[in-house]
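Participant: Below you will find the structure I want to go over with you.
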Amino acid sequence: MAEHKRVPSRRRKLLRAAACGSVALVVLGAGAAGYAYLRLDGNIKSVDIDGRLGTSRPPTATDGSFNLLVLGSDSRDGGNADLAGGDTGGTARSDTAMVLHVNQDHSRADVVSIPRDTLVPRPECTDRQGRAVPAAKRAMFNSAYEAGGATCAVKTVEQLSGLRMDHYVEVDFAGFARLVDAVGGATVTTAVPIHDKDSGLDLQPGEHHLDGKQALAFVRTRHGVGDGSDLGRIELQKQMVRSLLKQVGGVGLLTNPVKLWSVGDTLTRSITTDSALASVNSLVGLGEQLKGIGPDQLGMVTLPVTAAPGDPDRVVELQPQADQLWAALKADRPVPEAVAAAQPSNPAQATPTAPAKATPTAPAKATPTAPAKAPATAPAKAPATAPTTAPARHG
């Protein structure tokens, strides 16, 4: 009996073609994902801080809490010069320094901003050419980055705080502006006009949605609002951080792959990390640990400081409040109430007061009075948390 070959039906052919196409798409998709990971991984610049510092460091916490040092560099290299203006003499310092402490169950975080004009003991470091930089008993905090880059900055913060910096993230001016643009800008409000010819910021009172360049000017503004001190500028930086957290939470990154890719590409091109964070997987893991922390779960304080003896243009840690703050974070406890209650005010939120109007009054009648007595109370002391004069600015 003759054999008959089965002729595939049209429907079966279509199903087979669809299956082959699906497999091809999966293979191509996996290839594209692999390419994306390789590209994003290749974007990240890193520093082997653990390898360079060795074991002479505070111990790593064992309760699940961790600390991350975030630095903003004032480098004028590359595209930074056009954005920042000014000159740092070919060097770079840490323009912004924030210690982020995440609690043991990752439900809350506290940020401590370290004023860059704070005089601190700087440990012995190694510069970028491998030469030893001797320790200094009193050096401006932001000079540590200039002396020995990220490694020296981390070493100085660990010596100052007694906390292990488990991770490090650095962003420069251009990188910050790119990140703000990538997430769609940031909204801020100000109760007073801000006009700063140094940063280029020009805002009237009210709400403003800022692009990257304007946001950079906002966090760098110093002389255009308040008393011109670095403490006032730090308050503007805190306001910007909260605004960006709200913006990121509202752009729907997880439901918008195109936006997610854009932000991821910009992020990885804009930061320098410690070597343990220098991969997409590590950054995603960090993001998972921080995903439950929004503006309402983030506390932000400035390291308590006071005017430096003999140098009113600099500040030093205010004791015992500074030690109490570091000890609380080391024990994974909330920021002490005494520290939180004595924070500087945000100069952009200060409500301007109108001058008092003169009101006519009847002439006072002459009546015999006893001689005036000296006040029974001592004169009020100036607040200890802020310097009496604006610290000098670098950059």
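Ligands are numbered from 1 in the order shown, residues from 1 within each chain, and chains are lettered A, B, ... in the order they appear in the structure tokens.
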Using only C-alpha atoms, determine which residues lie at most 12 Å from Val133 in chain A, disregarding the query and same-chain residues fewer than 4 positions distant; provide the list as a PDB file with all heavy atoms, in the first residue's frame.

Facilitator:
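In the end it all went to out34.pdb:
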```
ATOM      1  N   ARG A 122      41.923  65.829  59.717  1.00  0.00           N
ATOM      2  CA  ARG A 122      41.966  65.036  58.481  1.00  0.00           C
ATOM      3  C   ARG A 122      43.055  63.987  58.617  1.00  0.00           C
ATOM      4  O   ARG A 122      44.201  64.305  58.919  1.00  0.00           O
ATOM      5  CB  ARG A 122      42.252  65.942  57.278  1.00  0.00           C
ATOM      6  CG  ARG A 122      42.056  65.233  55.927  1.00  0.00           C
ATOM      7  CD  ARG A 122      42.496  66.117  54.781  1.00  0.00           C
ATOM      8  NE  ARG A 122      43.932  66.323  54.786  1.00  0.00           N
ATOM      9  CZ  ARG A 122      44.526  67.464  54.407  1.00  0.00           C
ATOM     10  NH1 ARG A 122      43.808  68.491  54.028  1.00  0.00           N
ATOM     11  NH2 ARG A 122      45.841  67.562  54.452  1.00  0.00           N
ATOM     12  N   PRO A 123      42.730  62.716  58.397  1.00  0.00           N
ATOM     13  CA  PRO A 123      43.738  61.658  58.553  1.00  0.00           C
ATOM     14  C   PRO A 123      44.756  61.680  57.419  1.00  0.00           C
ATOM     15  O   PRO A 123      44.574  62.350  56.399  1.00  0.00           O
ATOM     16  CB  PRO A 123      42.896  60.381  58.501  1.00  0.00           C
ATOM     17  CG  PRO A 123      41.694  60.756  57.677  1.00  0.00           C
ATOM     18  CD  PRO A 123      41.415  62.196  57.988  1.00  0.00           C
ATOM     19  N   GLU A 124      45.806  60.928  57.608  1.00  0.00           N
ATOM     20  CA  GLU A 124      46.793  60.763  56.534  1.00  0.00           C
ATOM     21  C   GLU A 124      46.129  60.046  55.364  1.00  0.00           C
ATOM     22  O   GLU A 124      45.392  59.073  55.544  1.00  0.00           O
ATOM     23  CB  GLU A 124      47.989  59.953  57.036  1.00  0.00           C
ATOM     24  CG  GLU A 124      49.068  59.753  55.983  1.00  0.00           C
ATOM     25  CD  GLU A 124      50.256  58.961  56.501  1.00  0.00           C
ATOM     26  OE1 GLU A 124      50.313  58.718  57.723  1.00  0.00           O
ATOM     27  OE2 GLU A 124      51.110  58.578  55.685  1.00  0.00           O
ATOM     28  N   CYS A 125      46.365  60.538  54.169  1.00  0.00           N
ATOM     29  CA  CYS A 125      45.735  59.966  52.977  1.00  0.00           C
ATOM     30  C   CYS A 125      46.778  59.780  51.880  1.00  0.00           C
ATOM     31  O   CYS A 125      47.937  60.186  52.021  1.00  0.00           O
ATOM     32  CB  CYS A 125      44.615  60.884  52.470  1.00  0.00           C
ATOM     33  SG  CYS A 125      43.204  61.023  53.587  1.00  0.00           S
ATOM     34  N   THR A 126      46.348  59.183  50.790  1.00  0.00           N
ATOM     35  CA  THR A 126      47.188  59.021  49.607  1.00  0.00           C
ATOM     36  C   THR A 126      46.531  59.747  48.454  1.00  0.00           C
ATOM     37  O   THR A 126      45.328  59.568  48.209  1.00  0.00           O
ATOM     38  CB  THR A 126      47.351  57.530  49.247  1.00  0.00           C
ATOM     39  OG1 THR A 126      47.898  56.845  50.374  1.00  0.00           O
ATOM     40  CG2 THR A 126      48.255  57.357  48.041  1.00  0.00           C
ATOM     41  N   ASP A 127      47.289  60.584  47.743  1.00  0.00           N
ATOM     42  CA  ASP A 127      46.684  61.345  46.652  1.00  0.00           C
ATOM     43  C   ASP A 127      46.557  60.486  45.394  1.00  0.00           C
ATOM     44  O   ASP A 127      46.905  59.302  45.380  1.00  0.00           O
ATOM     45  CB  ASP A 127      47.453  62.634  46.378  1.00  0.00           C
ATOM     46  CG  ASP A 127      48.853  62.402  45.802  1.00  0.00           C
ATOM     47  OD1 ASP A 127      49.159  61.272  45.360  1.00  0.00           O
ATOM     48  OD2 ASP A 127      49.645  63.367  45.773  1.00  0.00           O
ATOM     49  N   ARG A 128      46.049  61.098  44.330  1.00  0.00           N
ATOM     50  CA  ARG A 128      45.773  60.346  43.092  1.00  0.00           C
ATOM     51  C   ARG A 128      47.033  59.846  42.411  1.00  0.00           C
ATOM     52  O   ARG A 128      46.968  58.964  41.558  1.00  0.00           O
ATOM     53  CB  ARG A 128      44.954  61.229  42.133  1.00  0.00           C
ATOM     54  CG  ARG A 128      43.545  61.524  42.648  1.00  0.00           C
ATOM     55  CD  ARG A 128      42.867  62.588  41.789  1.00  0.00           C
ATOM     56  NE  ARG A 128      41.490  62.821  42.178  1.00  0.00           N
ATOM     57  CZ  ARG A 128      41.114  63.594  43.188  1.00  0.00           C
ATOM     58  NH1 ARG A 128      42.039  64.215  43.928  1.00  0.00           N
ATOM     59  NH2 ARG A 128      39.842  63.759  43.480  1.00  0.00           N
ATOM     60  N   GLN A 129      48.178  60.403  42.753  1.00  0.00           N
ATOM     61  CA  GLN A 129      49.445  59.939  42.181  1.00  0.00           C
ATOM     62  C   GLN A 129      50.148  58.932  43.087  1.00  0.00           C
ATOM     63  O   GLN A 129      51.275  58.520  42.821  1.00  0.00           O
ATOM     64  CB  GLN A 129      50.387  61.130  41.941  1.00  0.00           C
ATOM     65  CG  GLN A 129      50.009  62.006  40.744  1.00  0.00           C
ATOM     66  CD  GLN A 129      48.770  62.842  41.003  1.00  0.00           C
ATOM     67  OE1 GLN A 129      48.628  63.447  42.079  1.00  0.00           O
ATOM     68  NE2 GLN A 129      47.868  62.886  40.036  1.00  0.00           N
ATOM     69  N   SER A 143      38.396  69.771  51.937  1.00  0.00           N
ATOM     70  CA  SER A 143      39.746  69.607  51.402  1.00  0.00           C
ATOM     71  C   SER A 143      40.174  68.146  51.370  1.00  0.00           C
ATOM     72  O   SER A 143      41.152  67.792  50.709  1.00  0.00           O
ATOM     73  CB  SER A 143      40.756  70.425  52.224  1.00  0.00           C
ATOM     74  OG  SER A 143      40.921  69.851  53.524  1.00  0.00           O
ATOM     75  N   ALA A 144      39.464  67.270  52.101  1.00  0.00           N
ATOM     76  CA  ALA A 144      39.828  65.849  52.112  1.00  0.00           C
ATOM     77  C   ALA A 144      39.707  65.262  50.714  1.00  0.00           C
ATOM     78  O   ALA A 144      40.571  64.498  50.269  1.00  0.00           O
ATOM     79  CB  ALA A 144      38.952  65.083  53.097  1.00  0.00           C
ATOM     80  N   TYR A 145      38.646  65.622  50.002  1.00  0.00           N
ATOM     81  CA  TYR A 145      38.461  65.119  48.633  1.00  0.00           C
ATOM     82  C   TYR A 145      39.560  65.654  47.727  1.00  0.00           C
ATOM     83  O   TYR A 145      40.078  64.938  46.859  1.00  0.00           O
ATOM     84  CB  TYR A 145      37.088  65.535  48.114  1.00  0.00           C
ATOM     85  CG  TYR A 145      36.764  65.011  46.736  1.00  0.00           C
ATOM     86  CD1 TYR A 145      36.163  63.773  46.573  1.00  0.00           C
ATOM     87  CD2 TYR A 145      37.064  65.750  45.595  1.00  0.00           C
ATOM     88  CE1 TYR A 145      35.878  63.278  45.301  1.00  0.00           C
ATOM     89  CE2 TYR A 145      36.778  65.278  44.329  1.00  0.00           C
ATOM     90  CZ  TYR A 145      36.190  64.043  44.186  1.00  0.00           C
ATOM     91  OH  TYR A 145      35.903  63.566  42.927  1.00  0.00           O
ATOM     92  N   GLU A 146      39.929  66.904  47.923  1.00  0.00           N
ATOM     93  CA  GLU A 146      41.004  67.489  47.122  1.00  0.00           C
ATOM     94  C   GLU A 146      42.333  66.784  47.396  1.00  0.00           C
ATOM     95  O   GLU A 146      43.127  66.546  46.484  1.00  0.00           O
ATOM     96  CB  GLU A 146      41.131  68.976  47.440  1.00  0.00           C
ATOM     97  CG  GLU A 146      42.235  69.696  46.672  1.00  0.00           C
ATOM     98  CD  GLU A 146      42.377  71.145  47.084  1.00  0.00           C
ATOM     99  OE1 GLU A 146      42.009  71.482  48.225  1.00  0.00           O
ATOM    100  OE2 GLU A 146      42.860  71.942  46.275  1.00  0.00           O
ATOM    101  N   ALA A 147      42.564  66.423  48.668  1.00  0.00           N
ATOM    102  CA  ALA A 147      43.841  65.822  49.039  1.00  0.00           C
ATOM    103  C   ALA A 147      43.982  64.394  48.538  1.00  0.00           C
ATOM    104  O   ALA A 147      45.054  63.986  48.090  1.00  0.00           O
ATOM    105  CB  ALA A 147      43.999  65.844  50.567  1.00  0.00           C
ATOM    106  N   GLY A 148      42.903  63.607  48.612  1.00  0.00           N
ATOM    107  CA  GLY A 148      43.042  62.201  48.260  1.00  0.00           C
ATOM    108  C   GLY A 148      41.820  61.580  47.630  1.00  0.00           C
ATOM    109  O   GLY A 148      41.645  60.357  47.717  1.00  0.00           O
ATOM    110  N   GLY A 149      40.962  62.403  47.022  1.00  0.00           N
ATOM    111  CA  GLY A 149      39.807  61.886  46.304  1.00  0.00           C
ATOM    112  C   GLY A 149      38.792  61.207  47.209  1.00  0.00           C
ATOM    113  O   GLY A 149      38.711  61.463  48.414  1.00  0.00           O
ATOM    114  N   CYS A 152      39.973  59.401  50.538  1.00  0.00           N
ATOM    115  CA  CYS A 152      40.298  60.277  51.665  1.00  0.00           C
ATOM    116  C   CYS A 152      39.033  60.887  52.259  1.00  0.00           C
ATOM    117  O   CYS A 152      38.930  61.073  53.475  1.00  0.00           O
ATOM    118  CB  CYS A 152      41.262  61.377  51.214  1.00  0.00           C
ATOM    119  SG  CYS A 152      41.983  62.336  52.564  1.00  0.00           S
TER     120      CYS A 152
END
```

Participant: Using only C-alpha atoms, which residues of range 84-182 of chain A come within 8 Å of range 315-324 of chain A, and what is the closest atom pair for each, with the distance in Å to one decimal? Give it as JSON lines, sorted by chain and residue number.

Facilitator:
```
{"residue": "A:Asp117", "atom": "CA", "partner": "A:Val315", "partner_atom": "CA", "distance": 6.2}
{"residue": "A:Thr118", "atom": "CA", "partner": "A:Val315", "partner_atom": "CA", "distance": 4.7}
{"residue": "A:Leu119", "atom": "CA", "partner": "A:Val316", "partner_atom": "CA", "distance": 5.3}
{"residue": "A:Val120", "atom": "CA", "partner": "A:Val316", "partner_atom": "CA", "distance": 7.1}
{"residue": "A:Ser161", "atom": "CA", "partner": "A:Asp323", "partner_atom": "CA", "distance": 7.9}
```

Participant: Going by DSSP on the backbone, which bits of range 169-328 of chain A are strand (DSSP E)? Write them as a PyMOL selection string, please.

Facilitator: chain A and resi 169-172+186-190+194-196+201-203+206-210+271-274+298-302+305-308+311-317

Participant: May I ask which of the residues A:Val154, A:Leu216, A:Val263, A:Ala308 is the closest one to Ala174 in chain A, counting only C-alpha atoms?

Facilitator: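 Counting only C-alpha atoms, the residue closest to Ala174 in chain A is A:Leu216.
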
Participant: Going by DSSP on the backbone, which residues of range 180-390 of chain A come out as helix (DSSP H, G or I)? List them as a PyMOL selection string.

Facilitator: chain A and resi 180-182+212-220+230-250+253-255+257-270+275-277+280-290+295-297+321-330+337-340

Participant: I'd like the neighbourhood of Gln289 in chain A as a VMD selection string, where a residue qualifies if any of its atoms comes within 9 Å (using only C-alpha atoms), though same-chain residues fewer than 5 positions away should be ignored.

Facilitator: chain A and resid 102 105 to 107 284

Participant: Hey, what's within 12 Å of Ala186 in chain A if we count only C-alpha atoms and toss same-chain stuff fewer than 2 positions away? As a compact mmCIF listing (two decimals) with N, CA and C atoms, in the first residue's frame, please?

Facilitator:
```txt
# COMPACT_ATOMS: atom_id res chain seq x y z
N PHE A 176 24.48 65.93 38.01
CA PHE A 176 23.27 66.28 38.76
C PHE A 176 22.23 66.92 37.83
N ALA A 177 22.67 67.84 36.98
CA ALA A 177 21.74 68.50 36.06
C ALA A 177 21.11 67.48 35.11
N LEU A 179 20.61 64.27 35.68
CA LEU A 179 19.67 63.43 36.42
C LEU A 179 18.34 64.13 36.64
N VAL A 180 18.39 65.42 36.99
CA VAL A 180 17.15 66.17 37.20
C VAL A 180 16.34 66.22 35.91
N ASP A 181 17.01 66.47 34.79
CA ASP A 181 16.31 66.49 33.51
C ASP A 181 15.72 65.12 33.18
N ALA A 182 16.46 64.05 33.51
CA ALA A 182 16.00 62.71 33.16
C ALA A 182 14.71 62.33 33.88
N VAL A 183 14.52 62.80 35.11
CA VAL A 183 13.30 62.46 35.85
C VAL A 183 12.19 63.48 35.63
N GLY A 184 12.45 64.50 34.80
CA GLY A 184 11.41 65.46 34.46
C GLY A 184 11.41 66.74 35.26
N VAL A 188 9.96 73.35 43.32
CA VAL A 188 10.31 73.97 44.60
C VAL A 188 9.43 75.19 44.82
N THR A 189 9.31 75.58 46.06
CA THR A 189 8.60 76.81 46.39
C THR A 189 9.53 77.72 47.18
N GLU A 207 5.76 78.99 43.46
CA GLU A 207 6.15 77.63 43.08
C GLU A 207 6.80 77.65 41.71
N HIS A 208 7.89 76.88 41.56
CA HIS A 208 8.62 76.84 40.29
C HIS A 208 9.00 75.40 39.96
N HIS A 209 8.81 75.02 38.70
CA HIS A 209 9.28 73.72 38.23
C HIS A 209 10.60 73.95 37.50
N LEU A 210 11.68 73.42 38.06
CA LEU A 210 13.03 73.70 37.58
C LEU A 210 13.55 72.59 36.69
N ASP A 211 14.27 72.98 35.64
CA ASP A 211 14.99 71.98 34.85
C ASP A 211 16.34 71.72 35.52
N GLY A 212 17.17 70.89 34.89
CA GLY A 212 18.42 70.49 35.52
C GLY A 212 19.34 71.64 35.83
N LYS A 213 19.50 72.56 34.89
CA LYS A 213 20.42 73.69 35.10
C LYS A 213 19.91 74.59 36.22
N GLN A 214 18.60 74.83 36.25
CA GLN A 214 18.03 75.67 37.30
C GLN A 214 18.11 74.99 38.66
N ALA A 215 17.89 73.65 38.68
CA ALA A 215 17.97 72.91 39.93
C ALA A 215 19.39 72.95 40.49
N LEU A 216 20.39 72.86 39.61
CA LEU A 216 21.77 72.97 40.04
C LEU A 216 22.04 74.34 40.65
N PHE A 218 19.88 76.21 42.08
CA PHE A 218 19.15 76.27 43.34
C PHE A 218 19.97 75.67 44.48
N VAL A 219 20.56 74.48 44.26
CA VAL A 219 21.30 73.82 45.34
C VAL A 219 22.66 74.47 45.57
N GLN A 239 15.72 70.66 50.65
CA GLN A 239 14.45 70.89 49.96
C GLN A 239 14.46 70.24 48.59
N MET A 240 15.58 70.32 47.89
CA MET A 240 15.68 69.73 46.56
C MET A 240 15.62 68.21 46.63
N VAL A 241 16.28 67.59 47.61
CA VAL A 241 16.25 66.14 47.74
C VAL A 241 14.81 65.64 47.91
N ARG A 242 14.05 66.31 48.76
CA ARG A 242 12.66 65.91 48.98
C ARG A 242 11.83 66.08 47.70
N SER A 243 12.09 67.16 46.99
CA SER A 243 11.37 67.40 45.74
C SER A 243 11.67 66.31 44.71
N LEU A 244 12.93 65.91 44.60
CA LEU A 244 13.30 64.87 43.64
C LEU A 244 12.71 63.53 44.02
N LEU A 245 12.65 63.23 45.32
CA LEU A 245 12.02 61.98 45.75
C LEU A 245 10.56 61.94 45.32
N LYS A 246 9.87 63.04 45.48
CA LYS A 246 8.46 63.10 45.05
C LYS A 246 8.35 62.95 43.54
N GLN A 247 9.26 63.61 42.81
CA GLN A 247 9.22 63.54 41.35
C GLN A 247 9.47 62.13 40.85
N VAL A 248 10.47 61.46 41.41
CA VAL A 248 10.79 60.09 41.00
C VAL A 248 9.61 59.16 41.30
N GLY A 249 8.97 59.37 42.45
CA GLY A 249 7.83 58.53 42.80
C GLY A 249 6.63 58.73 41.90
N GLY A 250 6.58 59.86 41.18
CA GLY A 250 5.41 60.16 40.35
C GLY A 250 5.58 59.93 38.87
N VAL A 251 6.79 59.55 38.41
CA VAL A 251 7.00 59.40 36.96
C VAL A 251 6.72 57.99 36.45
```

Participant: Out of A:Gly252, A:Pro347, A:Pro295, A:Gly310, which residue has the shortest atom-to-atom distance to Ser229 in chain A when counting only C-alpha atoms?

Facilitator: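 Of the candidates, the smallest distance to Ser229 in chain A is held by A:Pro347.
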
Participant: Using only C-alpha atoms, can you tell me which of A:Gln104, A:Thr156, A:Thr62, A:Ser73 comes closest to Val169 in chain A?

Facilitator: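 Smallest separation from Val169 in chain A among the options: A:Ser73.
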
Participant: To one decimal place, how far is CA of Ala338 in chain A from CA of Leu303 in chain A in Å?

Facilitator: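 So the answer is 12.1 Å.
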